[in-house]
file data_10.txt (compact mmCIF, C-alpha atoms)
# COMPACT_ATOMS: atom_id res chain seq x y z
CA MET A 1 -18.94 7.00 -16.83
CA LEU A 2 -18.62 3.59 -15.17
CA LYS A 3 -15.76 2.61 -17.49
CA ILE A 4 -13.98 5.89 -16.74
CA LEU A 5 -14.31 5.33 -12.98
CA ILE A 6 -13.06 1.75 -13.28
CA ASN A 7 -9.99 3.02 -15.10
CA ALA A 8 -9.54 5.77 -12.49
CA ALA A 9 -9.78 3.13 -9.74
CA ARG A 10 -6.51 1.68 -11.13
CA LEU A 11 -7.34 -1.92 -10.28
CA ARG A 12 -3.73 -2.92 -11.02
CA THR A 13 -2.76 -1.28 -7.71
CA LEU A 14 -5.03 -3.57 -5.67
CA PRO A 15 -2.66 -6.58 -5.31
CA LEU A 16 -0.14 -4.37 -3.49
CA SER A 17 -2.76 -2.97 -1.12
CA LEU A 18 -4.04 -6.47 -0.30
CA SER A 19 -0.59 -7.83 0.53
CA GLY A 20 -0.66 -6.77 4.18
CA ILE A 21 -4.10 -8.31 4.76
CA ILE A 22 -2.90 -11.56 3.18
CA VAL A 23 0.16 -11.74 5.42
CA GLY A 24 -1.82 -10.86 8.56
CA SER A 25 -4.47 -13.46 7.73
CA PHE A 26 -1.93 -16.21 7.10
CA LEU A 27 -0.10 -15.40 10.34
CA ALA A 28 -3.37 -15.60 12.27
CA TYR A 29 -4.23 -18.90 10.58
CA ALA A 30 -0.82 -20.27 11.53
CA LYS A 31 -1.62 -19.47 15.19
CA GLY A 32 -4.97 -21.26 14.98
CA PHE A 33 -7.19 -18.20 14.42
CA PHE A 34 -9.15 -17.61 11.24
CA ASN A 35 -12.58 -16.53 10.07
CA TRP A 36 -13.57 -16.32 6.40
CA GLN A 37 -16.06 -13.52 7.00
CA ILE A 38 -13.41 -11.36 8.67
CA CYS A 39 -10.98 -12.18 5.86
CA ILE A 40 -13.38 -11.21 3.07
CA LEU A 41 -14.54 -8.05 4.84
CA ALA A 42 -10.92 -7.02 5.52
CA LEU A 43 -10.02 -7.52 1.85
CA LEU A 44 -13.07 -5.51 0.75
CA THR A 45 -12.29 -2.72 3.22
CA THR A 46 -8.70 -2.46 2.01
CA THR A 47 -9.88 -2.50 -1.59
CA GLY A 48 -12.20 0.39 -0.77
CA PHE A 49 -9.39 2.36 0.86
CA GLN A 50 -7.17 1.83 -2.19
CA VAL A 51 -9.84 2.85 -4.71
CA LEU A 52 -10.65 5.88 -2.55
CA SER A 53 -6.97 6.79 -2.50
CA ASN A 54 -6.69 6.42 -6.27
CA PHE A 55 -9.74 8.60 -6.87
CA ALA A 56 -8.41 11.20 -4.43
CA ASN A 57 -4.97 11.18 -6.07
CA ASP A 58 -6.55 11.61 -9.48
CA TYR A 59 -8.55 14.56 -8.17
CA GLY A 60 -5.78 16.14 -6.07
CA ASP A 61 -3.06 15.97 -8.72
CA GLY A 62 -5.58 16.97 -11.38
CA VAL A 63 -6.85 20.16 -9.78
CA LYS A 64 -3.33 21.14 -8.67
CA GLY A 65 -2.02 20.75 -12.23
CA THR A 66 0.56 18.13 -11.22
CA ASP A 67 -0.86 15.75 -13.84
CA ASN A 68 0.23 17.54 -17.01
CA GLU A 69 2.10 16.89 -20.24
CA ASP A 70 5.30 16.26 -18.26
CA ARG A 71 3.84 13.25 -16.43
CA VAL A 72 5.37 9.94 -17.52
CA GLY A 73 2.81 7.39 -16.29
CA PRO A 74 -0.64 6.59 -17.70
CA GLN A 75 -2.94 9.57 -18.24
CA ARG A 76 -5.44 9.99 -15.43
CA ALA A 77 -9.18 10.61 -15.71
CA LEU A 78 -9.23 14.25 -14.61
CA GLN A 79 -6.09 15.03 -16.59
CA SER A 80 -7.65 13.65 -19.79
CA GLY A 81 -10.88 15.59 -19.32
CA ALA A 82 -12.91 12.36 -19.32
CA ILE A 83 -14.45 13.33 -16.00
CA SER A 84 -15.05 16.67 -14.28
CA PRO A 85 -13.68 17.59 -10.84
CA LYS A 86 -17.25 17.67 -9.50
CA GLN A 87 -17.96 14.15 -10.77
CA MET A 88 -14.71 12.81 -9.30
CA LEU A 89 -15.47 14.48 -5.97
CA SER A 90 -18.85 12.74 -5.94
CA ALA A 91 -17.14 9.40 -6.65
CA ILE A 92 -14.76 10.04 -3.75
CA LYS A 93 -17.63 10.72 -1.34
CA ILE A 94 -19.64 7.67 -2.40
CA THR A 95 -16.57 5.41 -2.21
CA GLY A 96 -15.75 6.79 1.22
CA TYR A 97 -19.26 6.10 2.57
CA ILE A 98 -19.35 2.56 1.17
CA THR A 99 -15.88 1.76 2.48
CA PHE A 100 -16.70 3.10 5.93
CA ALA A 101 -19.86 0.97 6.02
CA ILE A 102 -17.88 -2.17 5.14
CA ALA A 103 -15.25 -1.26 7.73
CA LEU A 104 -17.96 -0.91 10.38
CA LEU A 105 -19.31 -4.34 9.48
CA LEU A 106 -15.80 -5.78 9.70
CA ILE A 107 -15.18 -4.27 13.13
CA TYR A 108 -18.56 -5.44 14.41
CA LYS A 109 -17.95 -8.96 13.06
CA SER A 110 -14.62 -9.09 14.88
CA PHE A 111 -15.53 -7.52 18.22
CA GLY A 112 -19.33 -7.42 18.38
CA ASN A 113 -20.70 -5.85 21.55
CA HIS A 114 -18.21 -7.64 23.79
CA ASN A 115 -15.24 -5.30 23.56
CA LEU A 116 -16.21 -1.69 23.03
CA LEU A 117 -12.66 -0.45 23.59
CA TYR A 118 -11.27 -2.43 20.66
CA PHE A 119 -14.36 -1.51 18.62
CA PHE A 120 -13.75 2.22 19.04
CA ILE A 121 -9.98 1.93 18.54
CA PHE A 122 -10.51 0.23 15.17
CA LEU A 123 -13.29 2.65 14.33
CA LEU A 124 -10.79 5.49 14.78
CA LEU A 125 -8.21 3.60 12.74
CA GLY A 126 -10.77 3.18 9.97
CA LEU A 127 -11.55 6.89 9.97
CA ALA A 128 -7.81 7.66 9.99
CA SER A 129 -7.36 5.40 6.96
CA ILE A 130 -10.06 7.27 5.05
CA VAL A 131 -8.54 10.65 5.95
CA ALA A 132 -5.05 9.41 4.99
CA ALA A 133 -6.33 8.11 1.64
CA ILE A 134 -7.92 11.46 0.82
CA LYS A 135 -5.27 13.82 2.20
CA TYR A 136 -2.34 12.31 0.27
CA THR A 137 -2.84 14.78 -2.58
CA MET A 138 -6.08 16.61 -1.76
CA GLY A 139 -6.23 19.91 0.09
CA LYS A 140 -3.78 22.70 0.77
CA LYS A 141 -1.77 20.62 3.24
CA ALA A 142 -1.65 17.35 1.30
CA TYR A 143 1.10 15.30 2.95
CA GLY A 144 2.15 13.73 -0.35
CA TYR A 145 3.31 17.20 -1.41
CA SER A 146 5.50 17.59 1.68
CA GLY A 147 7.50 14.36 1.51
CA TYR A 148 5.55 12.40 4.13
CA GLY A 149 3.99 9.89 1.76
CA ASP A 150 6.59 7.22 2.59
CA ILE A 151 5.76 7.33 6.30
CA PHE A 152 2.02 7.01 5.75
CA VAL A 153 2.40 4.18 3.21
CA PHE A 154 4.67 2.34 5.63
CA LEU A 155 2.24 2.73 8.53
CA PHE A 156 -0.99 1.95 6.68
CA PHE A 157 0.19 -0.63 4.12
CA GLY A 158 2.59 -2.28 6.55
CA TRP A 159 1.93 -2.07 10.25
CA LEU A 160 -1.79 -1.30 10.26
CA SER A 161 -2.58 -3.72 7.44
CA VAL A 162 -0.64 -6.71 8.81
CA LEU A 163 -0.94 -6.13 12.56
CA GLY A 164 -4.49 -4.79 12.34
CA SER A 165 -5.80 -7.73 10.33
CA TYR A 166 -3.97 -10.18 12.62
CA PHE A 167 -5.54 -8.54 15.68
CA LEU A 168 -9.03 -8.72 14.17
CA TYR A 169 -8.71 -12.50 14.20
CA THR A 170 -6.72 -13.10 17.37
CA LYS A 171 -7.35 -10.11 19.69
CA GLN A 172 -3.65 -10.24 20.59
CA LEU A 173 -0.23 -9.15 19.29
CA ASP A 174 3.37 -10.30 19.56
CA TRP A 175 6.44 -8.11 18.98
CA THR A 176 7.81 -10.56 16.40
CA LEU A 177 4.88 -9.73 14.12
CA PHE A 178 6.44 -6.32 13.55
CA LEU A 179 9.14 -8.07 11.49
CA PRO A 180 6.92 -9.28 8.60
CA ALA A 181 4.69 -6.20 9.00
CA THR A 182 7.75 -4.00 8.49
CA SER A 183 8.79 -6.09 5.47
CA VAL A 184 5.42 -5.50 3.79
CA GLY A 185 5.56 -1.80 4.71
CA LEU A 186 9.05 -1.36 3.26
CA LEU A 187 8.15 -3.17 0.04
CA SER A 188 5.12 -0.90 -0.31
CA VAL A 189 7.30 2.17 0.30
CA GLY A 190 9.60 0.80 -2.40
CA VAL A 191 6.75 0.97 -4.91
CA LEU A 192 5.98 4.56 -3.91
CA ASN A 193 9.64 5.53 -4.06
CA LEU A 194 9.96 4.02 -7.54
CA ASN A 195 6.87 5.94 -8.64
CA ASN A 196 8.36 9.15 -7.26
CA LEU A 197 11.70 8.42 -8.95
CA ARG A 198 9.89 8.11 -12.25
CA ASP A 199 7.96 11.35 -11.68
CA ARG A 200 10.78 13.35 -10.09
CA VAL A 201 11.12 15.92 -12.88
CA SER A 202 7.40 16.59 -13.30
CA ASP A 203 6.85 16.61 -9.51
CA GLU A 204 9.63 19.15 -9.03
CA LYS A 205 8.13 21.41 -11.68
CA ALA A 206 4.73 21.15 -9.98
CA ASN A 207 6.25 21.87 -6.54
CA LYS A 208 5.30 18.40 -5.31
CA LYS A 209 8.09 17.89 -2.79
CA THR A 210 8.21 14.11 -2.51
CA LEU A 211 11.10 12.54 -0.62
CA VAL A 212 12.78 11.86 -3.96
CA VAL A 213 12.55 15.55 -4.89
CA LYS A 214 13.96 16.49 -1.49
CA ILE A 215 16.96 14.13 -1.44
CA GLY A 216 17.65 13.86 -5.16
CA GLU A 217 17.73 10.93 -7.56
CA GLU A 218 21.08 9.47 -6.46
CA PHE A 219 20.22 9.25 -2.76
CA ALA A 220 16.70 8.07 -3.61
CA LYS A 221 18.26 5.09 -5.39
CA TYR A 222 20.37 4.20 -2.35
CA TYR A 223 17.26 4.57 -0.20
CA HIS A 224 15.52 2.17 -2.60
CA TYR A 225 18.25 -0.45 -2.25
CA TYR A 226 18.28 -0.26 1.53
CA ILE A 227 14.53 -0.54 2.15
CA LEU A 228 14.08 -3.54 -0.18
CA ILE A 229 17.10 -5.40 1.17
CA PHE A 230 16.02 -4.64 4.74
CA ALA A 231 12.55 -5.99 3.91
CA PHE A 232 14.18 -9.28 2.88
CA LEU A 233 16.36 -9.47 6.00
CA LEU A 234 13.43 -8.88 8.37
CA ALA A 235 11.33 -11.57 6.70
CA LEU A 236 14.32 -13.90 6.93
CA LEU A 237 14.82 -13.06 10.62
CA TYR A 238 11.18 -13.85 11.42
CA THR A 239 11.50 -17.14 9.58
CA MET A 240 14.65 -18.08 11.47
CA LEU A 241 13.01 -17.27 14.81
CA PHE A 242 10.23 -19.77 14.11
CA TYR A 243 12.06 -22.11 11.75
CA THR A 244 10.76 -25.67 11.55
CA SER A 245 10.87 -26.53 7.84
CA PRO A 246 12.55 -25.39 4.58
CA ILE A 247 9.09 -24.59 3.20
CA GLN A 248 9.15 -21.46 5.35
CA LEU A 249 11.83 -20.08 3.03
CA LEU A 250 9.44 -20.23 0.09
CA PHE A 251 9.16 -16.42 0.15
CA VAL A 252 12.76 -16.16 -1.10
CA VAL A 253 11.40 -16.98 -4.57
CA ALA A 254 9.54 -13.64 -4.59
CA PHE A 255 12.77 -11.76 -3.91
CA ILE A 256 14.49 -13.12 -7.02
CA PRO A 257 12.65 -10.65 -9.31
CA ILE A 258 13.07 -7.96 -6.62
CA PHE A 259 16.85 -8.34 -6.62
CA ILE A 260 16.83 -8.30 -10.43
CA HIS A 261 14.75 -5.14 -10.16
CA LEU A 262 17.37 -3.59 -7.86
CA TYR A 263 20.04 -4.22 -10.47
CA THR A 264 17.83 -2.59 -13.11
CA VAL A 265 17.43 0.49 -10.93
CA TYR A 266 21.19 0.55 -10.27
CA LYS A 267 22.00 0.49 -14.01
CA ASN A 268 19.28 2.97 -14.94
CA LYS A 269 20.37 6.38 -16.23
CA ASP A 270 16.93 7.78 -17.03
CA ALA A 271 14.42 7.45 -14.19
CA GLU A 272 11.52 8.02 -16.57
CA LEU A 273 12.23 4.59 -18.06
CA LEU A 274 11.48 2.92 -14.72
CA ASP A 275 7.73 2.92 -15.36
CA SER A 276 7.66 -0.77 -16.34
CA GLU A 277 9.42 -1.68 -13.08
CA LEU A 278 6.48 -0.43 -10.99
CA LYS A 279 4.25 -3.33 -11.99
CA LYS A 280 7.06 -5.83 -11.42
CA LEU A 281 7.78 -4.62 -7.90
CA ALA A 282 4.10 -4.40 -6.93
CA LEU A 283 3.38 -7.94 -8.18
CA SER A 284 6.55 -9.24 -6.53
CA THR A 285 5.29 -7.80 -3.23
CA PHE A 286 1.96 -9.56 -3.73
CA LEU A 287 3.83 -12.80 -4.53
CA PHE A 288 5.91 -12.34 -1.38
CA ALA A 289 2.74 -12.01 0.71
CA ILE A 290 1.31 -15.25 -0.68
CA LEU A 291 4.52 -17.28 -0.51
CA PHE A 292 5.46 -15.98 2.94
CA GLY A 293 1.98 -16.81 4.19
CA LEU A 294 1.99 -20.27 2.67
CA GLY A 295 5.37 -20.91 4.26
CA GLN A 296 3.79 -20.26 7.65
CA VAL A 297 0.89 -22.70 7.27
CA LEU A 298 2.16 -25.57 5.09

call {"tool": "encode", "arguments": {"input": "data_10.txt", "output": "structure tokens"}}
result
Amino acid sequence: MLKILINAARLRTLPLSLSGIIVGSFLAYAKGFFNWQICILALLTTTGFQVLSNFANDYGDGVKGTDNEDRVGPQRALQSGAISPKQMLSAIKITGYITFAIALLLIYKSFGNHNLLYFFIFLLLGLASIVAAIKYTMGKKAYGYSGYGDIFVFLFFGWLSVLGSYFLYTKQLDWTLFLPATSVGLLSVGVLNLNNLRDRVSDEKANKKTLVVKIGEEFAKYYHYYILIFAFLLALLYTMLFYTSPIQLLFVVAFIPIFIHLYTVYKNKDAELLDSELKKLALSTFLFAILFGLGQVL
């Protein structure tokens, strides 16, 4: 059972989910604020949210019949019959409780008893993150089935992840931080969009109305180009605003495989063959987070 749950947790998706925390932590460090306990707890909390989301997606798509013989990606736990819906639901509940407990510890470590307003704001954000992770595919009004997945990924993987983690360290925000936060959010949306491009045919058959299904493959490709290029431009703009050394442009290295990826998507005639590009884009986003962060502190 443990091996099945580890596979269902899809650990390969974790680097992408951690990217925002990495960027937010580096930005805080660059401003003279950092705490290893907050950093580790933030990474653990985000890991919990991602695993919870993966379990919930496995369950939601499984019970709805979206994961069937038409699906292109790796077979999921519920789809294969390796685990029952009841067992997966139990795993979702346990993961949710553990993640919430870690999130509480993180919030307390950051704010303690000194700022109850911030404490309760982040408590609500933590609860919202858990609800968002579960409701992507679970329930009758799952937002992933209505084309709103891109918005939620952008908000939670981008703005909340980067700005939220930065605020946990510094207790302050600056409008310029929205630039790198938006870059991370757009790159994360790019991964989701690529996944939905790959699954467009099976999603349409299952009445899963992702944005790709709604706008069609051709427009979804243009959308893909724009969000990834815009992510690069915003990161570049932030760098230029605070430019002091060429090392700050280190993040450009991460965009080399991303631009190669864009050409691959442009030349592609069969979206189902884009499966291998998912890993490349996700890891490139993780590389961007590390290189961008290093460029801020070196």

call {"tool": "closest_residue", "arguments": {"input": "data_10.txt", "among": "A:Ala142, A:Leu197, A:Leu155, A:Ile94", "to": "A:Glu272", "atoms": "all atoms listed in the file"}}
result
A:Leu197

call {"tool": "closest_residue", "arguments": {"input": "data_10.txt", "among": "A:Asn35, A:Leu41, A:Gln296, A:Ser284", "to": "A:Tyr243", "atoms": "all atoms listed in the file"}}
result
A:Gln296

call {"tool": "closest_atom_pairs", "arguments": {"input": "data_10.txt", "of": "stretch 117-146 of chain A", "to": "stretch 56-61 of chain A", "cutoff": "8 Å", "atoms": "all atoms listed in the file", "output": "JSON lines"}}
result
{"residue": "A:Ala133", "atom": "CA", "partner": "A:Ala56", "partner_atom": "CA", "distance": 7.1}
{"residue": "A:Ile134", "atom": "CA", "partner": "A:Ala56", "partner_atom": "CA", "distance": 5.3}
{"residue": "A:Lys135", "atom": "CA", "partner": "A:Ala56", "partner_atom": "CA", "distance": 7.8}
{"residue": "A:Tyr136", "atom": "CA", "partner": "A:Asn57", "partner_atom": "CA", "distance": 7.0}
{"residue": "A:Thr137", "atom": "CA", "partner": "A:Gly60", "partner_atom": "CA", "distance": 4.8}
{"residue": "A:Met138", "atom": "CA", "partner": "A:Gly60", "partner_atom": "CA", "distance": 4.3}
{"residue": "A:Gly139", "atom": "CA", "partner": "A:Gly60", "partner_atom": "CA", "distance": 7.2}

call {"tool": "atom_distance", "arguments": {"input": "data_10.txt", "atom1": "atom CA of A:Pro257", "atom2": "atom CA of A:Gly147"}}
result
27.7 Å

call {"tool": "atom_distance", "arguments": {"input": "data_10.txt", "atom1": "atom CA of A:Asp275", "atom2": "atom CA of A:Asn196"}}
result
10.2 Å

call {"tool": "atom_distance", "arguments": {"input": "data_10.txt", "atom1": "atom CA of A:Leu250", "atom2": "atom CA of A:Val191"}}
result
21.9 Å

call {"tool": "residues_around", "arguments": {"input": "data_10.txt", "residues": "A:Leu127", "least_positions_apart": "2", "cutoff": "12 Å", "atoms": "all atoms listed in the file", "output": "list of chain:residue names"}}
result
A:Thr45, A:Phe49, A:Gly96, A:Tyr97, A:Thr99, A:Phe100, A:Ala101, A:Ala103, A:Leu104, A:Phe120, A:Ile121, A:Phe122, A:Leu123, A:Leu124, A:Leu125, A:Ser129, A:Ile130, A:Val131, A:Ala132, A:Ala133, A:Ile134

call {"tool": "write_last_selection", "arguments": {"input": "data_10.txt", "atoms": "C-alpha atoms", "output": "PDB file, in the frame of the given file"}}
result
ATOM      1  CA  THR A  45     -12.290  -2.720   3.220  1.00  0.00           C
ATOM      2  CA  PHE A  49      -9.390   2.360   0.860  1.00  0.00           C
ATOM      3  CA  GLY A  96     -15.750   6.790   1.220  1.00  0.00           C
ATOM      4  CA  TYR A  97     -19.260   6.100   2.570  1.00  0.00           C
ATOM      5  CA  THR A  99     -15.880   1.760   2.480  1.00  0.00           C
ATOM      6  CA  PHE A 100     -16.700   3.100   5.930  1.00  0.00           C
ATOM      7  CA  ALA A 101     -19.860   0.970   6.020  1.00  0.00           C
ATOM      8  CA  ALA A 103     -15.250  -1.260   7.730  1.00  0.00           C
ATOM      9  CA  LEU A 104     -17.960  -0.910  10.380  1.00  0.00           C
ATOM     10  CA  PHE A 120     -13.750   2.220  19.040  1.00  0.00           C
ATOM     11  CA  ILE A 121      -9.980   1.930  18.540  1.00  0.00           C
ATOM     12  CA  PHE A 122     -10.510   0.230  15.170  1.00  0.00           C
ATOM     13  CA  LEU A 123     -13.290   2.650  14.330  1.00  0.00           C
ATOM     14  CA  LEU A 124     -10.790   5.490  14.780  1.00  0.00           C
ATOM     15  CA  LEU A 125      -8.210   3.600  12.740  1.00  0.00           C
ATOM     16  CA  SER A 129      -7.360   5.400   6.960  1.00  0.00           C
ATOM     17  CA  ILE A 130     -10.060   7.270   5.050  1.00  0.00           C
ATOM     18  CA  VAL A 131      -8.540  10.650   5.950  1.00  0.00           C
ATOM     19  CA  ALA A 132      -5.050   9.410   4.990  1.00  0.00           C
ATOM     20  CA  ALA A 133      -6.330   8.110   1.640  1.00  0.00           C
ATOM     21  CA  ILE A 134      -7.920  11.460   0.820  1.00  0.00           C
TER      22      ILE A 134
END
